[in-house]
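Trainee: My structure is stored as input07.txt, with compact mmCIF, C-alpha atoms.
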```txt
# COMPACT_ATOMS: atom_id res chain seq x y z
CA MET A 18 117.67 66.18 103.34
CA LYS A 19 116.89 68.76 100.63
CA GLN A 20 117.63 71.66 103.00
CA GLU A 21 120.93 70.05 104.00
CA LYS A 22 121.85 69.64 100.32
CA ALA A 23 120.93 73.27 99.60
CA SER A 24 123.04 74.47 102.54
CA ALA A 25 125.99 72.44 101.31
CA MET A 26 125.61 73.93 97.82
CA GLN A 27 125.50 77.46 99.24
CA ALA A 28 128.66 76.84 101.24
CA ALA A 29 130.40 75.41 98.19
CA ILE A 30 129.49 78.46 96.09
CA GLY A 31 130.97 80.76 98.72
CA TRP A 32 128.69 83.79 98.62
CA PRO A 33 130.27 86.98 99.97
CA ALA A 34 128.95 88.52 103.20
CA THR A 35 128.57 91.89 101.44
CA ILE A 36 128.61 93.14 97.84
CA VAL A 37 130.50 96.41 97.63
CA ASP A 38 130.26 97.52 93.99
CA ASN A 39 128.70 96.84 90.60
CA GLU A 40 131.59 94.64 89.49
CA THR A 41 131.20 92.31 92.47
CA LEU A 42 127.44 92.35 92.01
CA GLU A 43 127.76 91.30 88.38
CA GLU A 44 130.12 88.47 89.31
CA VAL A 45 127.65 87.15 91.89
CA LEU A 46 124.60 87.59 89.64
CA SER A 47 126.22 85.69 86.76
CA ARG A 48 127.96 82.95 88.76
CA PRO A 49 126.82 79.51 87.52
CA ASP A 50 126.72 76.41 89.69
CA ILE A 51 127.95 72.98 88.63
CA VAL A 52 124.45 71.78 87.71
CA LEU A 53 123.94 74.60 85.21
CA GLN A 54 127.41 74.08 83.79
CA GLN A 55 126.70 70.40 83.17
CA GLN A 56 123.26 71.07 81.67
CA LEU A 57 124.33 73.84 79.29
CA GLN A 58 127.51 72.13 78.17
CA LYS A 59 125.59 69.05 77.02
CA LEU A 60 122.72 71.07 75.51
CA ASP A 61 122.90 70.99 71.72
CA GLY A 62 123.26 74.26 69.83
CA ASP A 63 124.10 77.87 70.58
CA ILE A 64 122.16 80.29 72.80
CA MET A 65 120.71 83.60 71.62
CA VAL A 66 119.17 86.10 74.03
CA LEU A 67 116.58 88.37 72.42
CA GLY A 68 116.16 91.58 74.40
CA VAL A 69 119.48 91.23 76.18
CA GLY A 70 119.58 94.93 77.05
CA GLY A 71 117.03 94.86 79.88
CA LYS A 72 117.57 94.64 83.63
CA MET A 73 118.15 90.88 83.68
CA GLY A 74 119.49 90.16 80.20
CA PRO A 75 123.19 91.02 80.60
CA SER A 76 123.69 88.86 83.70
CA LEU A 77 121.73 85.97 82.12
CA ALA A 78 123.87 86.05 78.98
CA HIS A 79 127.00 86.33 81.12
CA MET A 80 125.90 83.35 83.24
CA ALA A 81 125.28 81.29 80.11
CA LYS A 82 128.74 82.08 78.77
CA ARG A 83 130.41 81.32 82.09
CA ALA A 84 128.54 78.03 82.34
CA ALA A 85 129.34 76.94 78.77
CA PRO A 86 132.42 78.89 77.61
CA ASP A 87 132.79 76.85 74.42
CA LYS A 88 129.25 77.60 73.28
CA ARG A 89 128.26 80.66 71.24
CA VAL A 90 126.16 83.06 73.28
CA ILE A 91 124.63 85.86 71.22
CA GLY A 92 122.96 88.93 72.69
CA VAL A 93 120.48 90.88 70.56
CA ALA A 94 119.08 94.32 71.40
CA ARG A 95 118.97 97.88 70.13
CA PHE A 96 121.85 98.72 72.52
CA SER A 97 120.69 102.20 73.37
CA GLU A 98 122.54 102.07 76.72
CA ALA A 99 126.07 103.40 76.37
CA GLY A 100 128.78 100.82 77.00
CA LEU A 101 126.52 97.77 77.31
CA ARG A 102 127.49 96.25 73.97
CA GLU A 103 131.18 96.59 74.75
CA GLN A 104 130.66 95.10 78.21
CA LEU A 105 128.94 92.03 76.78
CA GLN A 106 131.66 91.59 74.20
CA SER A 107 134.32 91.74 76.94
CA TRP A 108 132.61 88.70 78.48
CA GLY A 109 132.87 86.76 75.23
CA ILE A 110 129.25 87.33 74.19
CA GLU A 111 128.61 88.10 70.54
CA THR A 112 126.31 91.07 70.00
CA ILE A 113 123.91 92.03 67.21
CA ALA A 114 122.14 95.39 67.13
CA CYS A 115 118.59 94.84 65.95
CA ASP A 116 115.10 96.30 66.15
CA LEU A 117 113.23 93.09 66.86
CA THR A 118 109.96 94.52 65.55
CA ASP A 119 111.57 94.85 62.11
CA ARG A 120 110.53 91.58 60.49
CA ALA A 121 113.37 91.57 57.95
CA ALA A 122 116.00 92.27 60.63
CA LEU A 123 114.51 89.57 62.86
CA GLU A 124 114.55 87.00 60.09
CA ALA A 125 118.20 87.85 59.33
CA LEU A 126 119.33 86.81 62.82
CA PRO A 127 121.17 83.50 63.27
CA LYS A 128 118.79 80.58 63.71
CA ALA A 129 120.21 79.57 67.07
CA LYS A 130 118.95 76.29 68.47
CA ASN A 131 118.21 77.88 71.85
CA ILE A 132 116.37 81.19 72.25
CA VAL A 133 115.81 83.09 75.50
CA PHE A 134 113.17 85.75 74.85
CA MET A 135 113.42 88.68 77.29
CA ALA A 136 111.98 91.58 75.29
CA GLY A 137 108.85 93.36 76.47
CA MET A 138 107.44 96.45 78.12
CA LYS A 139 106.38 97.06 81.70
CA PHE A 140 107.73 100.30 83.15
CA GLY A 141 105.83 103.18 81.62
CA SER A 142 103.40 100.81 79.92
CA GLY A 143 100.42 102.83 81.14
CA GLY A 144 101.66 105.83 79.18
CA ASP A 145 101.61 104.06 75.81
CA LEU A 146 99.23 101.14 75.83
CA PRO A 147 99.35 100.50 72.06
CA ALA A 148 103.15 100.14 72.24
CA THR A 149 102.77 97.88 75.27
CA TRP A 150 100.48 95.53 73.35
CA ALA A 151 102.74 95.63 70.29
CA LEU A 152 105.87 94.70 72.25
CA ASN A 153 104.15 92.17 74.48
CA THR A 154 102.02 90.39 71.86
CA TYR A 155 102.88 91.28 68.26
CA LEU A 156 106.62 90.85 68.83
CA PRO A 157 106.29 87.41 70.47
CA GLY A 158 104.21 86.32 67.48
CA LEU A 159 106.97 87.45 65.11
CA VAL A 160 109.61 85.62 67.15
CA ALA A 161 107.55 82.45 67.40
CA GLU A 162 107.00 82.41 63.62
CA THR A 163 110.68 83.11 62.89
CA PHE A 164 112.31 80.54 65.17
CA VAL A 165 110.10 77.51 64.63
CA GLN A 166 113.11 75.15 64.72
CA SER A 167 114.46 76.50 68.04
CA ARG A 168 113.71 75.91 71.68
CA ILE A 169 112.18 79.11 73.06
CA VAL A 170 112.25 79.98 76.75
CA ALA A 171 110.19 83.14 77.08
CA PHE A 172 110.06 85.38 80.13
CA SER A 173 106.54 86.12 81.29
CA THR A 174 105.34 87.35 84.69
CA GLY A 175 103.37 86.17 87.68
CA CYS A 176 101.09 89.11 86.96
CA VAL A 177 99.22 86.96 84.41
CA TYR A 178 97.37 85.45 87.38
CA PRO A 179 94.52 87.03 89.29
CA PHE A 180 95.08 87.95 92.92
CA VAL A 181 94.83 84.92 95.19
CA GLY A 182 93.95 84.50 98.83
CA LEU A 183 96.74 83.97 101.33
CA ASP A 184 95.36 80.53 102.14
CA GLN A 185 96.07 79.35 98.57
CA ILE A 186 99.89 79.45 98.90
CA GLY A 187 100.09 81.17 95.54
CA ALA A 188 98.70 80.58 92.06
CA THR A 189 99.65 77.32 90.37
CA GLU A 190 100.38 76.91 86.68
CA ASP A 191 96.91 75.52 85.92
CA MET A 192 95.03 78.54 87.30
CA PRO A 193 92.92 80.49 84.74
CA LEU A 194 94.56 83.74 83.66
CA THR A 195 92.22 86.61 84.55
CA PRO A 196 94.46 89.44 85.83
CA PRO A 197 93.60 93.12 86.33
CA GLY A 198 94.91 95.84 84.02
CA GLU A 199 96.04 96.11 80.41
CA TYR A 200 99.72 95.46 81.14
CA ALA A 201 98.99 92.08 82.72
CA ASN A 202 96.54 91.17 79.99
CA SER A 203 99.10 92.04 77.32
CA CYS A 204 101.38 89.53 79.07
CA VAL A 205 98.64 86.93 78.80
CA GLY A 206 98.61 87.80 75.10
CA ARG A 207 102.36 87.20 74.91
CA GLU A 208 101.92 83.73 76.34
CA ARG A 209 98.99 82.93 74.04
CA LEU A 210 101.00 83.87 70.94
CA PHE A 211 103.89 81.61 71.96
CA GLN A 212 101.44 78.82 72.81
CA HIS A 213 99.64 79.18 69.48
CA PHE A 214 102.73 78.98 67.30
CA SER A 215 104.35 76.32 69.48
CA ALA A 216 101.31 74.08 68.99
CA ARG A 217 101.12 74.92 65.29
CA HIS A 218 104.78 74.23 64.49
CA GLY A 219 105.79 71.85 67.28
CA THR A 220 108.26 74.39 68.66
CA PRO A 221 109.38 73.34 72.17
CA GLY A 222 109.46 75.99 74.87
CA LYS A 223 108.84 77.17 78.41
CA LEU A 224 107.02 80.25 79.70
CA ILE A 225 108.75 81.73 82.76
CA ARG A 226 106.15 83.26 85.11
CA LEU A 227 108.42 85.26 87.39
CA ASN A 228 107.69 87.02 90.71
CA TYR A 229 109.83 89.11 91.74
CA ALA A 230 113.52 89.11 90.75
CA ILE A 231 115.88 90.71 93.29
CA ASP A 232 118.95 92.71 92.30
CA LEU A 233 120.58 95.09 94.76
CA ARG A 234 119.76 98.08 92.50
CA TYR A 235 116.04 97.42 92.04
CA GLY A 236 113.29 95.03 93.07
CA VAL A 237 110.76 94.70 95.87
CA LEU A 238 113.40 94.40 98.59
CA TYR A 239 115.26 97.45 97.29
CA ASP A 240 112.03 99.47 97.15
CA ILE A 241 111.15 98.58 100.75
CA ALA A 242 114.69 99.10 102.07
CA VAL A 243 115.00 102.56 100.51
CA LYS A 244 111.75 103.66 102.13
CA VAL A 245 112.91 102.39 105.50
CA ARG A 246 116.29 104.10 105.10
CA ASP A 247 114.70 107.40 104.10
CA GLY A 248 112.05 107.37 106.83
CA GLN A 249 109.15 106.99 104.39
CA PRO A 250 106.13 104.88 105.35
CA VAL A 251 105.88 101.44 103.78
CA ASP A 252 102.57 100.76 102.04
CA LEU A 253 100.99 97.53 103.30
CA THR A 254 98.05 97.49 100.89
CA THR A 255 99.65 94.66 98.95
CA GLY A 256 100.76 92.93 102.11
CA HIS A 257 102.48 89.81 100.80
CA VAL A 258 105.00 89.06 98.04
CA ASN A 259 107.25 86.38 96.58
CA VAL A 260 110.89 87.17 95.76
CA ILE A 261 113.87 85.34 94.30
CA TRP A 262 117.49 86.33 93.71
CA GLN A 263 117.93 87.39 90.09
CA GLY A 264 120.82 85.00 89.62
CA ASP A 265 118.57 82.13 90.68
CA SER A 266 115.77 83.20 88.35
CA ASN A 267 118.23 83.43 85.45
CA ARG A 268 119.67 80.05 86.39
CA TYR A 269 116.20 78.50 86.33
CA ALA A 270 115.42 80.07 82.96
CA LEU A 271 118.60 78.64 81.44
CA LEU A 272 117.94 75.22 82.98
CA ALA A 273 114.46 75.37 81.44
CA LEU A 274 116.01 75.09 77.96
CA ALA A 275 116.60 71.40 78.67
CA HIS A 276 113.00 71.04 79.92
CA ALA A 277 111.25 72.63 76.94
CA THR A 278 107.99 71.00 75.87
CA ALA A 279 105.97 71.02 72.67
CA PRO A 280 103.57 72.69 72.93
CA THR A 281 105.19 75.15 75.29
CA THR A 282 104.12 75.08 78.95
CA PRO A 283 104.34 77.57 81.83
CA ILE A 284 106.39 77.29 84.99
CA ASN A 285 106.30 79.57 88.01
CA ILE A 286 109.65 80.96 89.14
CA SER A 287 109.99 82.53 92.56
CA GLY A 288 111.27 81.89 96.04
CA PRO A 289 109.62 79.29 98.29
CA GLU A 290 108.35 81.78 100.89
CA THR A 291 105.20 83.88 101.01
CA LEU A 292 106.55 87.03 102.68
CA ALA A 293 104.71 89.66 104.69
CA VAL A 294 105.70 93.16 103.61
CA ARG A 295 105.48 94.28 107.25
CA TRP A 296 108.00 91.63 108.29
CA LEU A 297 110.36 92.58 105.46
CA ALA A 298 110.22 96.26 106.45
CA GLU A 299 110.87 95.42 110.09
CA GLU A 300 113.85 93.25 109.12
CA PHE A 301 115.30 96.19 107.19
CA GLY A 302 114.58 98.43 110.15
CA LYS A 303 116.75 96.19 112.34
CA ARG A 304 119.58 96.12 109.82
CA LEU A 305 119.48 99.86 109.09
CA GLY A 306 118.83 101.01 112.65
CA LYS A 307 115.62 102.79 111.65
CA GLU A 308 112.13 103.08 113.01
CA VAL A 309 109.62 101.82 110.45
CA GLY A 310 106.35 103.54 109.61
CA PHE A 311 103.46 102.00 107.72
CA THR A 312 100.43 103.08 105.75
CA GLY A 313 97.43 101.08 104.61
CA SER A 314 96.17 97.69 105.69
CA PRO A 315 97.02 94.36 104.03
CA ALA A 316 94.44 93.18 101.52
CA PRO A 317 93.25 89.58 101.88
CA THR A 318 94.66 88.78 98.43
CA ALA A 319 97.94 89.37 96.60
CA TRP A 320 99.83 88.54 93.39
CA LEU A 321 101.52 85.37 94.57
CA ASN A 322 102.72 82.34 92.66
CA ASN A 323 103.41 78.81 93.80
CA ALA A 324 106.84 77.71 92.58
CA ALA A 325 106.65 74.13 93.89
CA GLU A 326 107.00 72.65 90.41
CA ALA A 327 110.15 74.67 89.69
CA MET A 328 111.61 73.51 93.01
CA ARG A 329 110.85 69.92 92.03
CA GLN A 330 112.53 70.24 88.64
CA PHE A 331 115.45 72.53 89.48
CA GLY A 332 115.90 72.46 93.26
CA TYR A 333 115.67 75.32 95.73
CA PRO A 334 117.26 78.74 95.13
CA LEU A 335 120.95 78.95 95.94
CA VAL A 336 120.75 82.40 97.55
CA PRO A 337 118.61 82.33 100.72
CA LEU A 338 116.25 85.08 101.75
CA LYS A 339 118.17 86.38 104.77
CA LEU A 340 121.34 86.75 102.72
CA MET A 341 119.37 88.83 100.21
CA LEU A 342 118.13 90.99 103.07
CA ASP A 343 121.70 91.48 104.34
CA TRP A 344 123.00 92.35 100.88
CA VAL A 345 120.21 94.82 100.09
CA ALA A 346 120.43 96.52 103.49
CA ASP A 347 124.18 96.99 103.16
CA TRP A 348 123.79 98.30 99.59
CA VAL A 349 121.18 100.94 100.41
CA ALA A 350 122.88 101.92 103.69
CA ALA A 351 126.00 102.79 101.68
CA ASN A 352 123.91 104.78 99.15
CA ARG A 353 125.20 102.68 96.28
CA PRO A 354 123.46 103.37 92.96
CA GLY A 355 120.01 102.12 92.02
CA LEU A 356 118.38 101.81 88.61
CA ASN A 357 115.47 104.14 89.40
CA LYS A 358 112.95 101.51 88.26
CA PRO A 359 110.46 100.95 91.08
CA THR A 360 108.54 97.71 90.83
CA LYS A 361 105.25 99.36 91.86
CA PHE A 362 104.39 96.08 93.53
CA GLU A 363 101.93 98.01 95.74
CA ASN A 364 99.65 98.70 92.75
CA ARG A 365 96.51 96.59 92.65
CA ASP A 366 94.96 97.97 89.46
CA GLY A 367 97.61 96.57 87.09
CA ALA A 368 98.67 100.07 85.96
CA TYR A 369 102.45 100.63 85.63
```
Kindly return the structure encoded in the file as structure tokens.

Mentor:
Amino acid sequence: MKQEKASAMQAAIGWPATIVDNETLEEVLSRPDIVLQQQLQKLDGDIMVLGVGGKMGPSLAHMAKRAAPDKRVIGVARFSEAGLREQLQSWGIETIACDLTDRAALEALPKAKNIVFMAGMKFGSGGDLPATWALNTYLPGLVAETFVQSRIVAFSTGCVYPFVGLDQIGATEDMPLTPPGEYANSCVGRERLFQHFSARHGTPGKLIRLNYAIDLRYGVLYDIAVKVRDGQPVDLTTGHVNVIWQGDSNRYALLALAHATAPTTPINISGPETLAVRWLAEEFGKRLGKEVGFTGSPAPTAWLNNAAEAMRQFGYPLVPLKLMLDWVADWVAANRPGLNKPTKFENRDGAY
């Protein structure tokens, strides 16, 4: 029954067979469904996205505005990327340029009832570990102290978990957080700061433990597809992954505003499948007409999370896996632009 309902919802949304340019991609990434529209429109208060300038922030803010056009949606970032601020404003999103680590500037921001926290550091974190810890722990503490009267949905990562065996069907939210590497441990620190101040002040929230968001310009599927296209061997050392369409992960994060708890609690966000990297590469090989080469052997463990609770609360993702594979294969076959931000999902030492 649930699968039939999901299929009906996918048909009603009318996903395109291919996505031919960035404009179409943005429309698909930010397209809200009727459930999100109903939830956000009845949610009290405005929505402010802190760290809106990252990979996922613009489409999340755009989705929120499309779902609740009469609600204020405010995007906050440094806006170092040319044209991003103007693009957000063209979608009806208010923008505020701010260095979030500046306590006075942070405290001067509107006290929106609903906060989506997306700021942080991953790519290049190994090159500046003090900055990584500052952005991933000190900054969340500042935000949690500043917005004690708000709901705070904070993006975290599935990397807070240790590697799990393939027989475990992924880490669940109650698993102890003992990951490898300083980046992952700084993300544990981020969660602990939000948990501390949420318990202290009664601030409701959710911690979004995400593995791995899929855009057509970056992500695990993009990384694998590009290697297949270019005749490079696919590393099987980390042999299994979870993925979810970025629009679905953003949709879940926005829905989580209505499910905030005090003290804040974690929820795993990902697709329902545990996917073999070998199978994914072979599927891209079929779509791209390429022979696939491999290196390494799959380890008996991987960074996997179990998103059963998210599926119970929010339903299954609206974009199915095979459609993602079709979209990504078509995108890389046409040499459309990427973001040059490899996920480094193959790494097992936590260094990025």

Trainee: Which residues are near Asn202 (chain A)? Cut-off 10 Å, all atoms listed in the file, ignore same chain within fewer than 4 positions. Put them as a PyMOL selection string.

Mentor: chain A and resi 150+153-154+176-178+194-198+206-208+367

Trainee: Could you pull the residues within 12 Å of region 345-349 of chain A, counting only C-alpha atoms, minus those fewer than 2 positions along the same chain, as an mmCIF file with C-alpha atoms, in the frame of the given file?

Mentor:
```cif
data_model
loop_
_atom_site.group_PDB
_atom_site.id
_atom_site.type_symbol
_atom_site.label_atom_id
_atom_site.label_comp_id
_atom_site.auth_asym_id
_atom_site.auth_seq_id
_atom_site.Cartn_x
_atom_site.Cartn_y
_atom_site.Cartn_z
ATOM 1 C CA ALA A 34 128.950 88.520 103.200
ATOM 2 C CA THR A 35 128.570 91.890 101.440
ATOM 3 C CA ILE A 36 128.610 93.140 97.840
ATOM 4 C CA VAL A 37 130.500 96.410 97.630
ATOM 5 C CA ASP A 38 130.260 97.520 93.990
ATOM 6 C CA ASN A 39 128.700 96.840 90.600
ATOM 7 C CA THR A 41 131.200 92.310 92.470
ATOM 8 C CA LEU A 42 127.440 92.350 92.010
ATOM 9 C CA ILE A 231 115.880 90.710 93.290
ATOM 10 C CA ASP A 232 118.950 92.710 92.300
ATOM 11 C CA LEU A 233 120.580 95.090 94.760
ATOM 12 C CA ARG A 234 119.760 98.080 92.500
ATOM 13 C CA TYR A 235 116.040 97.420 92.040
ATOM 14 C CA GLY A 236 113.290 95.030 93.070
ATOM 15 C CA VAL A 237 110.760 94.700 95.870
ATOM 16 C CA LEU A 238 113.400 94.400 98.590
ATOM 17 C CA TYR A 239 115.260 97.450 97.290
ATOM 18 C CA ASP A 240 112.030 99.470 97.150
ATOM 19 C CA ILE A 241 111.150 98.580 100.750
ATOM 20 C CA ALA A 242 114.690 99.100 102.070
ATOM 21 C CA VAL A 243 115.000 102.560 100.510
ATOM 22 C CA LYS A 244 111.750 103.660 102.130
ATOM 23 C CA VAL A 245 112.910 102.390 105.500
ATOM 24 C CA ARG A 246 116.290 104.100 105.100
ATOM 25 C CA ASP A 247 114.700 107.400 104.100
ATOM 26 C CA TRP A 262 117.490 86.330 93.710
ATOM 27 C CA LEU A 297 110.360 92.580 105.460
ATOM 28 C CA ALA A 298 110.220 96.260 106.450
ATOM 29 C CA GLU A 299 110.870 95.420 110.090
ATOM 30 C CA GLU A 300 113.850 93.250 109.120
ATOM 31 C CA PHE A 301 115.300 96.190 107.190
ATOM 32 C CA GLY A 302 114.580 98.430 110.150
ATOM 33 C CA LYS A 303 116.750 96.190 112.340
ATOM 34 C CA ARG A 304 119.580 96.120 109.820
ATOM 35 C CA LEU A 305 119.480 99.860 109.090
ATOM 36 C CA GLY A 306 118.830 101.010 112.650
ATOM 37 C CA LYS A 307 115.620 102.790 111.650
ATOM 38 C CA LEU A 338 116.250 85.080 101.750
ATOM 39 C CA LYS A 339 118.170 86.380 104.770
ATOM 40 C CA LEU A 340 121.340 86.750 102.720
ATOM 41 C CA MET A 341 119.370 88.830 100.210
ATOM 42 C CA LEU A 342 118.130 90.990 103.070
ATOM 43 C CA ASP A 343 121.700 91.480 104.340
ATOM 44 C CA ALA A 351 126.000 102.790 101.680
ATOM 45 C CA ASN A 352 123.910 104.780 99.150
ATOM 46 C CA ARG A 353 125.200 102.680 96.280
ATOM 47 C CA PRO A 354 123.460 103.370 92.960
ATOM 48 C CA GLY A 355 120.010 102.120 92.020
#
```

Trainee: Write out as a list in words which residues come within 9 Å of Leu77 (chain A) when counting all atoms listed in the file, dropping same-chain ones fewer than 2 positions away.

Mentor: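 What passes the distance filter is Leu46, Ser47, Val66, Val69, Met73, Gly74, Pro75, His79, Met80, Ala81, Lys82, Gln263, Gly264, Asn267, Arg268, Ala270 and Leu271 of chain A.
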
Trainee: What's around Val93 (chain A) at 6 Å? Count all atoms listed in the file, leave out sequence neighbours fewer than 3 positions away in its own chain, and write the answer as a ChimeraX atom specification.

Mentor: /A:67-69,112-114

Trainee: Keeping only C-alpha atoms, write those residues as a JSON list (two decimals), in the frame of the given file.

Mentor:
```json
[["chain", "number", "residue", "atom", "x", "y", "z"],
["A", 67, "LEU", "CA", 116.58, 88.37, 72.42],
["A", 68, "GLY", "CA", 116.16, 91.58, 74.40],
["A", 69, "VAL", "CA", 119.48, 91.23, 76.18],
["A", 112, "THR", "CA", 126.31, 91.07, 70.00],
["A", 113, "ILE", "CA", 123.91, 92.03, 67.21],
["A", 114, "ALA", "CA", 122.14, 95.39, 67.13]]
```

Trainee: Counting all atoms listed in the file, give me one row per residue of region 132-229 of chain A with an atom at most 12 Å from an atom of region 324-334 of chain A, showing the shortest contact pair and its distance in Å to one decimal, sorted by chain then residue number, as JSON lines.

Mentor:
```
{"residue": "A:Gly175", "atom": "CA", "partner": "A:Ala324", "partner_atom": "CA", "distance": 10.4}
{"residue": "A:Ile186", "atom": "CA", "partner": "A:Ala324", "partner_atom": "CA", "distance": 9.6}
{"residue": "A:Gly187", "atom": "CA", "partner": "A:Ala324", "partner_atom": "CA", "distance": 8.1}
{"residue": "A:Ala188", "atom": "CA", "partner": "A:Ala324", "partner_atom": "CA", "distance": 8.6}
{"residue": "A:Thr189", "atom": "CA", "partner": "A:Ala324", "partner_atom": "CA", "distance": 7.5}
{"residue": "A:Glu190", "atom": "CA", "partner": "A:Glu326", "partner_atom": "CA", "distance": 8.7}
{"residue": "A:Asp191", "atom": "CA", "partner": "A:Glu326", "partner_atom": "CA", "distance": 11.4}
{"residue": "A:Lys223", "atom": "CA", "partner": "A:Ala327", "partner_atom": "CA", "distance": 11.6}
{"residue": "A:Leu224", "atom": "CA", "partner": "A:Ala327", "partner_atom": "CA", "distance": 11.9}
{"residue": "A:Ile225", "atom": "CA", "partner": "A:Ala327", "partner_atom": "CA", "distance": 10.0}
{"residue": "A:Arg226", "atom": "CA", "partner": "A:Ala324", "partner_atom": "CA", "distance": 9.3}
{"residue": "A:Leu227", "atom": "CA", "partner": "A:Ala324", "partner_atom": "CA", "distance": 9.3}
{"residue": "A:Asn228", "atom": "CA", "partner": "A:Ala324", "partner_atom": "CA", "distance": 9.5}
{"residue": "A:Tyr229", "atom": "CA", "partner": "A:Ala324", "partner_atom": "CA", "distance": 11.8}
```

Trainee: Find the spatial neighbours of region 156-169 of chain A, counting all atoms listed in the file, within a cut-off of 9 Å - ignore same-chain residues fewer than 3 positions away - and output them as JSON, numbers by chain.

Mentor: {"A": [117, 118, 120, 123, 124, 128, 129, 130, 131, 132, 133, 134, 136, 137, 150, 151, 152, 153, 206, 207, 208, 210, 211, 212, 213, 214, 215, 218, 219, 220, 221, 222, 223, 224, 274, 275, 277, 278, 281]}

Trainee: I'd like to know which of A:Arg365, A:His276, A:Lys139, A:Lys59 is closest to Leu253 (chain A), using only C-alpha atoms.

Mentor: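 Closest to Leu253 (chain A), using only C-alpha atoms: A:Arg365.
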
Trainee: So which residues fall inside 10 Å of (116.6, 101.6, 85.7) if we count all atoms listed in the file? Mind giving them as JSON, numbers by chain?

Mentor: {"A": [71, 72, 140, 234, 235, 355, 356, 357, 358, 359]}
